[in-house]
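Colleague: This is entry_18.csv (CSV, C-alpha atoms and all ligand atoms).
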chain,number,residue,atom,x,y,z
A,533,MET,CA,15.3,-3.6,8.7
A,534,ALA,CA,13.9,0.0,8.7
A,535,ARG,CA,15.7,2.6,10.8
A,536,GLN,CA,14.1,3.1,14.2
A,537,VAL,CA,15.8,6.4,15.0
A,538,LYS,CA,16.4,9.4,12.7
A,539,SER,CA,18.5,11.5,15.1
A,540,ARG,CA,19.2,11.8,18.7
A,541,GLN,CA,17.8,15.3,18.7
A,542,ARG,CA,14.4,14.0,17.4
A,543,VAL,CA,14.3,11.3,20.1
A,544,THR,CA,14.9,13.9,22.8
A,545,GLU,CA,12.5,16.5,21.4
A,546,PHE,CA,9.7,14.3,20.1
A,547,GLY,CA,10.3,10.8,21.6
A,548,GLU,CA,10.7,9.7,18.0
A,549,VAL,CA,11.6,6.0,18.0
A,550,PHE,CA,9.8,4.0,15.3
A,551,THR,CA,8.3,0.6,16.1
A,552,ASN,CA,9.8,-2.3,14.4
A,553,GLU,CA,7.9,-4.5,12.0
A,554,ARG,CA,7.8,-7.6,14.1
A,555,GLU,CA,6.1,-5.7,17.0
A,556,ILE,CA,3.7,-3.9,14.7
A,557,ASN,CA,2.5,-7.2,13.2
A,558,ALA,CA,2.3,-8.8,16.6
A,559,MET,CA,0.2,-5.9,17.9
A,560,LEU,CA,-2.0,-5.8,14.8
A,561,ASP,CA,-2.6,-9.5,15.0
A,562,LEU,CA,-4.4,-8.9,18.3
A,563,VAL,CA,-7.1,-7.3,16.2
A,564,LYS,CA,-6.5,-9.3,13.1
A,565,ALA,CA,-10.1,-9.5,11.9
A,566,GLU,CA,-10.4,-5.6,12.1
A,567,THR,CA,-7.2,-5.1,10.1
A,568,GLU,CA,-8.7,-7.2,7.4
A,569,ARG,CA,-12.1,-5.6,7.3
A,570,ILE,CA,-12.0,-3.2,4.4
A,571,GLU,CA,-14.0,-0.3,6.0
A,572,SER,CA,-12.7,-0.7,9.5
A,573,ARG,CA,-11.6,2.7,10.9
A,574,PHE,CA,-8.1,3.1,12.3
A,575,LEU,CA,-6.5,6.2,13.9
A,576,GLU,CA,-2.8,6.2,14.7
A,577,PRO,CA,-2.1,9.3,16.9
A,578,ALA,CA,1.6,10.2,16.9
A,579,CYS,CA,1.8,8.1,13.7
A,580,GLY,CA,5.4,9.1,12.7
A,581,ASN,CA,5.8,7.9,9.1
A,582,GLY,CA,2.8,5.6,9.5
A,583,ASN,CA,4.2,2.3,10.6
A,584,PHE,CA,1.0,0.9,12.0
A,585,ILE,CA,-1.4,2.4,9.4
A,586,ALA,CA,0.8,1.3,6.5
A,587,GLU,CA,0.5,-2.3,7.6
A,588,VAL,CA,-3.2,-2.0,8.2
A,589,LEU,CA,-3.5,-0.6,4.7
A,590,ARG,CA,-1.5,-3.5,3.2
A,591,ARG,CA,-3.7,-6.0,5.0
A,592,LYS,CA,-6.9,-4.3,3.8
A,593,LEU,CA,-5.7,-4.0,0.2
A,594,ALA,CA,-4.7,-7.7,0.2
A,595,VAL,CA,-8.4,-8.5,0.9
A,596,VAL,CA,-9.6,-6.0,-1.7
A,597,ALA,CA,-7.3,-7.7,-4.3
A,598,SER,CA,-8.4,-11.2,-3.4
A,599,ARG,CA,-12.1,-10.2,-3.8
A,600,TYR,CA,-12.1,-7.7,-6.5
A,601,ARG,CA,-9.1,-7.9,-8.8
A,602,ARG,CA,-11.3,-9.2,-11.6
A,603,SER,CA,-13.3,-5.9,-11.7
A,604,PRO,CA,-11.2,-2.8,-11.9
A,605,GLN,CA,-14.2,-0.6,-11.0
A,606,GLU,CA,-14.9,-2.6,-7.8
A,607,TYR,CA,-11.2,-2.9,-7.0
A,608,GLN,CA,-10.8,0.9,-7.1
A,609,ARG,CA,-14.0,1.6,-5.2
A,610,TYR,CA,-13.0,-0.7,-2.3
A,611,ALA,CA,-9.4,0.4,-2.3
A,612,PHE,CA,-10.8,3.9,-1.9
A,613,LEU,CA,-12.9,2.7,1.1
A,614,ALA,CA,-9.8,1.0,2.6
A,615,VAL,CA,-7.7,4.1,2.5
A,616,SER,CA,-10.4,6.6,3.4
A,617,SER,CA,-11.0,4.7,6.7
A,618,ILE,CA,-7.4,5.2,7.9
A,619,TYR,CA,-6.3,8.3,9.9
A,620,GLY,CA,-3.1,9.6,11.4
A,621,VAL,CA,-1.9,12.6,13.4
A,622,GLU,CA,1.8,13.5,13.6
A,623,ILE,CA,3.4,16.6,15.1
A,624,GLN,CA,6.5,16.8,12.7
A,625,SER,CA,5.5,17.8,9.2
A,626,ASP,CA,8.2,15.9,7.4
A,627,ASN,CA,6.9,12.7,9.0
A,628,ALA,CA,3.3,13.5,8.1
A,629,GLN,CA,4.3,14.0,4.5
A,630,GLU,CA,6.4,10.9,4.5
A,631,CYS,CA,3.4,9.0,5.8
A,632,ARG,CA,1.1,10.3,3.1
A,633,GLU,CA,3.6,9.4,0.4
A,634,ARG,CA,4.2,6.0,1.8
A,635,LEU,CA,0.4,5.2,2.0
A,636,PHE,CA,0.0,6.5,-1.6
A,637,ASP,CA,2.8,4.3,-2.8
A,638,ILE,CA,1.2,1.3,-1.2
A,639,VAL,CA,-2.1,2.0,-2.9
A,640,GLU,CA,-0.6,2.8,-6.3
A,641,LYS,CA,1.7,-0.3,-6.4
A,642,GLY,CA,-1.2,-2.5,-5.1
A,643,ALA,CA,-3.5,-1.2,-7.8
A,644,ARG,CA,-0.9,-1.6,-10.6
A,645,SER,CA,-0.3,-5.1,-9.5
A,646,ALA,CA,-4.0,-6.1,-9.1
A,647,ILE,CA,-5.6,-4.4,-12.1
A,648,ARG,CA,-2.6,-3.3,-14.1
A,649,GLY,CA,-3.4,-0.8,-16.9
A,650,ALA,CA,-6.9,-0.2,-15.7
A,651,VAL,CA,-5.8,2.1,-12.9
A,652,GLU,CA,-7.6,5.4,-13.4
A,653,PRO,CA,-5.8,8.7,-12.9
A,654,ALA,CA,-8.9,10.1,-11.2
A,655,PHE,CA,-8.8,7.2,-8.7
A,656,LEU,CA,-5.2,8.1,-7.8
A,657,ASP,CA,-6.1,11.8,-7.5
A,658,ALA,CA,-8.9,10.9,-5.1
A,659,ILE,CA,-6.5,8.8,-3.0
A,660,ARG,CA,-4.1,11.7,-2.8
A,661,TYR,CA,-6.8,14.1,-1.8
A,662,VAL,CA,-8.1,11.8,1.0
A,663,LEU,CA,-4.6,11.3,2.3
A,664,GLU,CA,-4.2,15.1,2.6
A,665,LYS,CA,-7.4,15.2,4.7
A,666,ASN,CA,-6.8,12.0,6.8
A,667,ILE,CA,-3.1,12.3,7.6
A,668,LEU,CA,-2.7,15.5,9.5
A,669,CYS,CA,0.2,17.4,10.9
A,670,GLY,CA,-0.9,18.3,14.4
A,671,ASP,CA,-0.7,17.7,18.1
A,672,ALA,CA,-2.5,14.6,19.3
A,673,LEU,CA,-2.5,16.0,22.9
A,674,THR,CA,-4.0,19.5,22.3
A,675,LEU,CA,-6.0,18.1,19.3
A,676,LYS,CA,-5.0,21.2,17.3
A,677,ASP,CA,-3.5,21.2,13.8
A,678,ALA,CA,-0.4,22.9,12.5
A,679,ASN,CA,-2.3,26.2,12.2
A,680,ASP,CA,-3.5,25.9,15.8
A,681,GLU,CA,-7.0,25.1,14.7
A,682,PRO,CA,-9.0,22.2,16.2
A,683,ILE,CA,-8.4,19.0,14.2
A,684,ILE,CA,-11.2,18.0,12.0
A,685,PHE,CA,-11.4,14.6,10.4
A,686,ALA,CA,-13.6,13.7,7.5
A,687,GLU,CA,-15.8,10.6,7.6
A,688,TRP,CA,-16.1,9.0,4.1
A,689,SER,CA,-18.9,6.5,3.5
A,690,LEU,CA,-19.9,4.8,0.4
A,691,VAL,CA,-23.7,5.3,0.0
A,692,THR,CA,-24.6,3.6,-3.2
A,693,GLY,CA,-22.4,2.4,-6.1
A,694,ASP,CA,-19.6,4.9,-6.6
A,695,LEU,CA,-21.1,7.6,-4.5
A,696,VAL,CA,-19.4,8.7,-1.4
A,697,LYS,CA,-20.7,11.0,1.4
A,698,ARG,CA,-18.3,13.1,3.5
A,699,ARG,CA,-19.1,14.5,6.9
A,700,ASP,CA,-16.6,16.4,9.0
A,701,PHE,CA,-16.2,16.0,12.7
A,702,LEU,CA,-14.1,17.6,15.4
A,703,LEU,CA,-11.6,15.0,16.7
A,704,SER,CA,-12.1,16.4,20.2
A,705,GLU,CA,-15.7,15.4,20.1
A,706,LEU,CA,-15.1,12.0,18.6
A,707,LEU,CA,-12.6,11.3,21.4
A,708,GLU,CA,-14.8,12.7,24.1
A,709,SER,CA,-17.5,10.2,23.2
A,710,SER,CA,-15.3,7.4,24.5
A,711,ALA,CA,-13.7,9.3,27.4
A,712,GLY,CA,-14.4,7.7,30.7
A,713,LYS,CA,-15.6,4.5,29.2
A,714,ASN,CA,-13.5,1.5,29.9
A,715,GLU,CA,-14.2,-0.1,26.6
A,716,GLN,CA,-12.8,-0.2,23.1
A,717,THR,CA,-14.6,2.2,20.8
A,718,SER,CA,-14.3,3.2,17.2
A,719,MET,CA,-14.4,6.5,15.4
A,720,PHE,CA,-17.6,7.9,13.9
A,721,GLY,CA,-20.8,6.4,15.0
A,722,GLU,CA,-19.9,3.4,17.1
A,723,THR,CA,-20.0,5.3,20.4
A,724,ASN,CA,-22.7,5.8,23.0
A,725,THR,CA,-22.6,9.5,23.7
A,726,PRO,CA,-26.0,11.1,23.4
A,727,TRP,CA,-25.5,13.9,20.9
A,728,MET,CA,-27.6,13.0,17.9
A,729,PHE,CA,-29.1,9.8,16.7
A,730,ASP,CA,-27.6,9.0,13.3
A,731,MET,CA,-29.9,7.1,10.9
A,732,GLU,CA,-26.9,6.0,8.7
A,733,THR,CA,-25.0,4.3,11.5
A,734,GLN,CA,-28.1,3.7,13.7
A,735,SER,CA,-26.2,5.1,16.7
A,736,TYR,CA,-25.5,8.2,18.7
A,737,ILE,CA,-22.7,10.4,17.4
A,738,PRO,CA,-21.4,14.0,17.8
A,739,ALA,CA,-23.0,16.4,15.3
A,740,PRO,CA,-20.9,16.8,12.2
A,741,VAL,CA,-19.4,20.3,11.8
A,742,ARG,CA,-20.1,20.0,8.0
A,743,GLU,CA,-21.8,17.7,5.6
A,744,TYR,CA,-21.4,17.4,1.9
A,745,PRO,CA,-23.6,16.1,-0.8
A,746,PRO,CA,-22.7,12.6,-2.1
A,747,VAL,CA,-20.3,12.6,-5.1
A,748,ASP,CA,-18.5,10.0,-7.2
A,749,TYR,CA,-15.6,9.0,-5.1
A,750,ARG,CA,-13.2,9.9,-7.9
A,751,GLU,CA,-14.4,13.5,-7.6
A,752,VAL,CA,-14.1,14.0,-3.8
A,753,GLY,CA,-11.6,16.7,-4.4
A,754,ARG,CA,-14.3,19.0,-5.8
A,755,ASN,CA,-15.6,19.6,-2.3
A,756,GLY,CA,-12.5,21.7,-1.6
B,801,LIG,C1,7.6,6.7,19.4
B,801,LIG,S1,7.3,7.5,17.8
B,801,LIG,C2,6.1,6.4,17.2
B,801,LIG,C3,5.9,6.6,15.7
B,801,LIG,C4,5.0,5.5,15.1
B,801,LIG,N1,3.7,5.5,15.8
B,801,LIG,C5,5.6,4.1,15.3
B,801,LIG,O1,5.1,3.3,16.1
B,801,LIG,O2,6.6,3.8,14.6
B,801,LIG,C6,6.4,8.9,18.4
B,801,LIG,C7,6.0,9.8,17.2
B,801,LIG,O3,5.0,10.8,17.8
B,801,LIG,C8,5.3,12.1,17.3
B,801,LIG,N2,4.8,13.0,18.4
B,801,LIG,C9,5.4,13.3,19.5
B,801,LIG,N3,4.5,14.1,20.2
B,801,LIG,C10,3.4,14.2,19.5
B,801,LIG,C11,2.2,14.9,19.7
B,801,LIG,N4,1.9,15.6,20.8
B,801,LIG,N5,1.2,14.8,18.8
B,801,LIG,C12,1.4,14.1,17.6
B,801,LIG,N6,2.6,13.4,17.4
B,801,LIG,C13,3.6,13.5,18.3
B,801,LIG,C14,6.8,12.1,17.1
B,801,LIG,O4,7.2,13.1,16.2
B,801,LIG,C15,7.1,10.7,16.6
B,801,LIG,O5,7.0,10.6,15.2
What do you get writing this file as structure tokens?
Ligand SMILES: C[S@@+](CC[C@H](N)C(=O)[O-])C[C@H]1O[C@@H](n2cnc3c(N)ncnc32)[C@H](O)[C@@H]1O
Modeller:
Amino acid sequence: MARQVKSRQRVTEFGEVFTNEREINAMLDLVKAETERIESRFLEPACGNGNFIAEVLRRKLAVVASRYRRSPQEYQRYAFLAVSSIYGVEIQSDNAQECRERLFDIVEKGARSAIRGAVEPAFLDAIRYVLEKNILCGDALTLKDANDEPIIFAEWSLVTGDLVKRRDFLLSELLESSAGKNEQTSMFGETNTPWMFDMETQSYIPAPVREYPPVDYREVGRNG
């Protein structure tokens, strides 16, 4: 069984006690259908080394493999979609880095097992890039990153074929959209706050702080 405590000091300073696998699976089973929906968006605030999102990723990739293992191109495109819809915030930088490496490992091993020699280096580079943007070292209470700047998350959506569109949003605004509402909401575009009507999601969302032109998902790193 994985260690739940790294040190007594970290427990005292950061409340760092990792959730065990059995509890994670029991909790995720409460939203089982969402954990198996490839593009379903998950944010784990205070993610530690990513116990919840790692399991979500495993579940999504199992679906990707079962549907697309015969087509390396489709497998990689949907694996990209699965990873790019997963987000985490963690205050300790070593945990955030461990989390990124762990998720990358799950993707790489999954791809090598599903499509073997057809795994493209550019696909793996894109996964690495997205994990840098989606798993952030920051404070989930102040919503500031390690540089004390407001946390910005990128929304990645496949538009057509291999083209992906990126829009950046302030986490504070995404969360504000669900504040005060006693209902389960999702990130990006599935909220009711009247900021702007988004044609893509056909719903009201906060205005993005930045939009990028669509690019091949293997080239997302070009946007800086
Ligand atoms: C109880 S552990 C849970 C970790 C993981 N979610 C799990 O279930 O295994 C809490 C984690 O939150 C982090 N943490 C504490 N305060 C935080 C904050 N204000 N913002 C982000 N992360 C925080 C700690 O470093 C620790 O890794």
Colleague: Step by step, measure atom-to-atom distances between ligand LIG 801 (chain B) and each residue using all atoms listed in the file, keep those at most 10 Å, then write them as a PyMOL selection string.
Modeller: chain A and resi 535-538+542-543+545-553+555-556+576-585+620-628+668-677
Colleague: Restricting the output to C-alpha atoms, write the selected residues as a compact mmCIF listing (two decimals), in the frame of the given file.
Modeller:
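The result, stored in selection16.txt:
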# COMPACT_ATOMS: atom_id res chain seq x y z
CA ARG A 535 15.70 2.60 10.80
CA GLN A 536 14.10 3.10 14.20
CA VAL A 537 15.80 6.40 15.00
CA LYS A 538 16.40 9.40 12.70
CA ARG A 542 14.40 14.00 17.40
CA VAL A 543 14.30 11.30 20.10
CA GLU A 545 12.50 16.50 21.40
CA PHE A 546 9.70 14.30 20.10
CA GLY A 547 10.30 10.80 21.60
CA GLU A 548 10.70 9.70 18.00
CA VAL A 549 11.60 6.00 18.00
CA PHE A 550 9.80 4.00 15.30
CA THR A 551 8.30 0.60 16.10
CA ASN A 552 9.80 -2.30 14.40
CA GLU A 553 7.90 -4.50 12.00
CA GLU A 555 6.10 -5.70 17.00
CA ILE A 556 3.70 -3.90 14.70
CA GLU A 576 -2.80 6.20 14.70
CA PRO A 577 -2.10 9.30 16.90
CA ALA A 578 1.60 10.20 16.90
CA CYS A 579 1.80 8.10 13.70
CA GLY A 580 5.40 9.10 12.70
CA ASN A 581 5.80 7.90 9.10
CA GLY A 582 2.80 5.60 9.50
CA ASN A 583 4.20 2.30 10.60
CA PHE A 584 1.00 0.90 12.00
CA ILE A 585 -1.40 2.40 9.40
CA GLY A 620 -3.10 9.60 11.40
CA VAL A 621 -1.90 12.60 13.40
CA GLU A 622 1.80 13.50 13.60
CA ILE A 623 3.40 16.60 15.10
CA GLN A 624 6.50 16.80 12.70
CA SER A 625 5.50 17.80 9.20
CA ASP A 626 8.20 15.90 7.40
CA ASN A 627 6.90 12.70 9.00
CA ALA A 628 3.30 13.50 8.10
CA LEU A 668 -2.70 15.50 9.50
CA CYS A 669 0.20 17.40 10.90
CA GLY A 670 -0.90 18.30 14.40
CA ASP A 671 -0.70 17.70 18.10
CA ALA A 672 -2.50 14.60 19.30
CA LEU A 673 -2.50 16.00 22.90
CA THR A 674 -4.00 19.50 22.30
CA LEU A 675 -6.00 18.10 19.30
CA LYS A 676 -5.00 21.20 17.30
CA ASP A 677 -3.50 21.20 13.80
Colleague: Report the distance between atom CA of Leu656 of chain A and atom CA of Ile684 of chain A in Å, rounded to one decimal place.
Modeller: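 Atom-to-atom, atom CA of Leu656 of chain A and atom CA of Ile684 of chain A are spaced 22.9 Å apart.
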Colleague: Fewer than 6 positions away in the same chain doesn't count, so skip those; otherwise give me all residues within 7 Å of segment 562-573 of chain A, counting only C-alpha atoms, as a PyMOL selection string.
Modeller: chain A and resi 588+591-592+595+613-614+617-618+718-719
Colleague: Using all atoms listed in the file, give me every residue within 8 Å of (-16.8, 17.4, 10.9) in file coordinates, as an MDAnalysis selection string.
Modeller: chainID A and resid 684:687 699:702 739:743
Colleague: Residues as selected, C-alpha atoms, written as a tab-separated table (two decimals), in the frame of the given file, can you do that?
Modeller:
chain	number	residue	atom	x	y	z
A	684	ILE	CA	-11.20	18.00	12.00
A	685	PHE	CA	-11.40	14.60	10.40
A	686	ALA	CA	-13.60	13.70	7.50
A	687	GLU	CA	-15.80	10.60	7.60
A	699	ARG	CA	-19.10	14.50	6.90
A	700	ASP	CA	-16.60	16.40	9.00
A	701	PHE	CA	-16.20	16.00	12.70
A	702	LEU	CA	-14.10	17.60	15.40
A	739	ALA	CA	-23.00	16.40	15.30
A	740	PRO	CA	-20.90	16.80	12.20
A	741	VAL	CA	-19.40	20.30	11.80
A	742	ARG	CA	-20.10	20.00	8.00
A	743	GLU	CA	-21.80	17.70	5.60
Colleague: Can you list, as a PyMOL selection string, every protein, DNA or RNA residue that comes within 10 Å of Val752 of chain A when you count only C-alpha atoms, leaving out same-chain residues fewer than 6 positions away?
Modeller: chain A and resi 654-655+657-659+661-662+688+695-698+744+746
Colleague: What is the atom CA of Val615 of chain A-atom CA of Leu663 of chain A distance in Å, reported with one decimal?
Modeller: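 Distance reported for this atom pair: 7.8 Å.
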Colleague: For the atom pair atom CA of Pro604 of chain A and atom CA of Tyr749 of chain A, what is the interatomic distance in Å to one decimal place?
Modeller: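 Atom CA of Pro604 of chain A sits 14.3 Å away from atom CA of Tyr749 of chain A.
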Colleague: Compile the contact shell of Leu593 of chain A as a short mmCIF file (atom, residue, chain, number, x, y, z; two decimals) with C-alpha atoms, keeping the file's coordinate frame: residues with an atom at most 8 Å away, counting all atoms listed in the file, same-chain residues fewer than 4 positions apart removed.
Modeller:
data_model
loop_
_atom_site.label_atom_id
_atom_site.label_comp_id
_atom_site.auth_asym_id
_atom_site.auth_seq_id
_atom_site.Cartn_x
_atom_site.Cartn_y
_atom_site.Cartn_z
CA ILE A 570 -12.00 -3.20 4.40
CA LEU A 589 -3.50 -0.60 4.70
CA ALA A 597 -7.30 -7.70 -4.30
CA ALA A 611 -9.40 0.40 -2.30
CA ALA A 614 -9.80 1.00 2.60
CA VAL A 639 -2.10 2.00 -2.90
CA GLY A 642 -1.20 -2.50 -5.10
#
Colleague: Just the residues within 10 Å of Trp727 of chain A, please, counting all atoms listed in the file, with nothing from its chain fewer than 4 positions along; format it as an MDAnalysis selection string.
Modeller: chainID A and resid 705 709 735:739
Colleague: Pull C-alpha atoms from the residues just selected and write them as a PDB file, in the coordinates of the input.
Modeller:
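Heads up, here's the output in result02.pdb:
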ATOM      1  CA  GLU A 705     -15.700  15.400  20.100  1.00  0.00           C
ATOM      2  CA  SER A 709     -17.500  10.200  23.200  1.00  0.00           C
ATOM      3  CA  SER A 735     -26.200   5.100  16.700  1.00  0.00           C
ATOM      4  CA  TYR A 736     -25.500   8.200  18.700  1.00  0.00           C
ATOM      5  CA  ILE A 737     -22.700  10.400  17.400  1.00  0.00           C
ATOM      6  CA  PRO A 738     -21.400  14.000  17.800  1.00  0.00           C
ATOM      7  CA  ALA A 739     -23.000  16.400  15.300  1.00  0.00           C
TER       8      ALA A 739
END
Colleague: Only N, CA and C atoms, please: segment 598-616 of chain A from the block, as a PDB file, in the first residue's frame.
Modeller:
ATOM      1  N   SER A 598      -9.977   0.875 -24.988  1.00  0.00           N
ATOM      2  CA  SER A 598     -10.977  -0.085 -25.463  1.00  0.00           C
ATOM      3  C   SER A 598     -11.617   0.394 -26.766  1.00  0.00           C
ATOM      4  N   ARG A 599     -11.733   1.702 -26.946  1.00  0.00           N
ATOM      5  CA  ARG A 599     -12.373   2.207 -28.183  1.00  0.00           C
ATOM      6  C   ARG A 599     -11.408   2.389 -29.339  1.00  0.00           C
ATOM      7  N   TYR A 600     -10.170   2.814 -29.048  1.00  0.00           N
ATOM      8  CA  TYR A 600      -9.333   3.326 -30.138  1.00  0.00           C
ATOM      9  C   TYR A 600      -7.987   2.620 -30.291  1.00  0.00           C
ATOM     10  N   ARG A 601      -7.765   1.510 -29.621  1.00  0.00           N
ATOM     11  CA  ARG A 601      -6.421   0.927 -29.682  1.00  0.00           C
ATOM     12  C   ARG A 601      -6.039   0.491 -31.095  1.00  0.00           C
ATOM     13  N   ARG A 602      -7.049   0.278 -31.955  1.00  0.00           N
ATOM     14  CA  ARG A 602      -6.722  -0.153 -33.314  1.00  0.00           C
ATOM     15  C   ARG A 602      -6.244   0.994 -34.200  1.00  0.00           C
ATOM     16  N   SER A 603      -6.444   2.224 -33.754  1.00  0.00           N
ATOM     17  CA  SER A 603      -6.008   3.373 -34.557  1.00  0.00           C
ATOM     18  C   SER A 603      -5.080   4.262 -33.719  1.00  0.00           C
ATOM     19  N   PRO A 604      -3.762   4.152 -33.941  1.00  0.00           N
ATOM     20  CA  PRO A 604      -2.826   4.957 -33.138  1.00  0.00           C
ATOM     21  C   PRO A 604      -3.152   6.444 -33.186  1.00  0.00           C
ATOM     22  N   GLN A 605      -3.617   6.935 -34.337  1.00  0.00           N
ATOM     23  CA  GLN A 605      -3.895   8.364 -34.441  1.00  0.00           C
ATOM     24  C   GLN A 605      -5.062   8.754 -33.515  1.00  0.00           C
ATOM     25  N   GLU A 606      -6.126   7.946 -33.577  1.00  0.00           N
ATOM     26  CA  GLU A 606      -7.278   8.253 -32.709  1.00  0.00           C
ATOM     27  C   GLU A 606      -6.932   8.014 -31.234  1.00  0.00           C
ATOM     28  N   TYR A 607      -6.196   6.934 -30.977  1.00  0.00           N
ATOM     29  CA  TYR A 607      -5.826   6.658 -29.576  1.00  0.00           C
ATOM     30  C   TYR A 607      -5.119   7.873 -28.984  1.00  0.00           C
ATOM     31  N   GLN A 608      -4.133   8.406 -29.694  1.00  0.00           N
ATOM     32  CA  GLN A 608      -3.342   9.523 -29.150  1.00  0.00           C
ATOM     33  C   GLN A 608      -4.189  10.788 -29.011  1.00  0.00           C
ATOM     34  N   ARG A 609      -5.055  11.028 -30.001  1.00  0.00           N
ATOM     35  CA  ARG A 609      -5.903  12.231 -29.950  1.00  0.00           C
ATOM     36  C   ARG A 609      -6.813  12.187 -28.720  1.00  0.00           C
ATOM     37  N   TYR A 610      -7.419  11.020 -28.479  1.00  0.00           N
ATOM     38  CA  TYR A 610      -8.344  10.938 -27.345  1.00  0.00           C
ATOM     39  C   TYR A 610      -7.605  10.831 -26.007  1.00  0.00           C
ATOM     40  N   ALA A 611      -6.401  10.261 -26.042  1.00  0.00           N
ATOM     41  CA  ALA A 611      -5.607  10.245 -24.802  1.00  0.00           C
ATOM     42  C   ALA A 611      -5.233  11.684 -24.440  1.00  0.00           C
ATOM     43  N   PHE A 612      -4.921  12.491 -25.457  1.00  0.00           N
ATOM     44  CA  PHE A 612      -4.632  13.908 -25.219  1.00  0.00           C
ATOM     45  C   PHE A 612      -5.843  14.591 -24.570  1.00  0.00           C
ATOM     46  N   LEU A 613      -7.017  14.295 -25.120  1.00  0.00           N
ATOM     47  CA  LEU A 613      -8.243  14.898 -24.587  1.00  0.00           C
ATOM     48  C   LEU A 613      -8.461  14.474 -23.117  1.00  0.00           C
ATOM     49  N   ALA A 614      -8.196  13.198 -22.843  1.00  0.00           N
ATOM     50  CA  ALA A 614      -8.373  12.685 -21.476  1.00  0.00           C
ATOM     51  C   ALA A 614      -7.468  13.429 -20.496  1.00  0.00           C
ATOM     52  N   VAL A 615      -6.197  13.587 -20.855  1.00  0.00           N
ATOM     53  CA  VAL A 615      -5.245  14.246 -19.944  1.00  0.00           C
ATOM     54  C   VAL A 615      -5.548  15.731 -19.826  1.00  0.00           C
ATOM     55  N   SER A 616      -5.861  16.353 -20.945  1.00  0.00           N
ATOM     56  CA  SER A 616      -5.977  17.810 -20.949  1.00  0.00           C
ATOM     57  C   SER A 616      -7.224  18.295 -20.214  1.00  0.00           C
TER      58      SER A 616
END
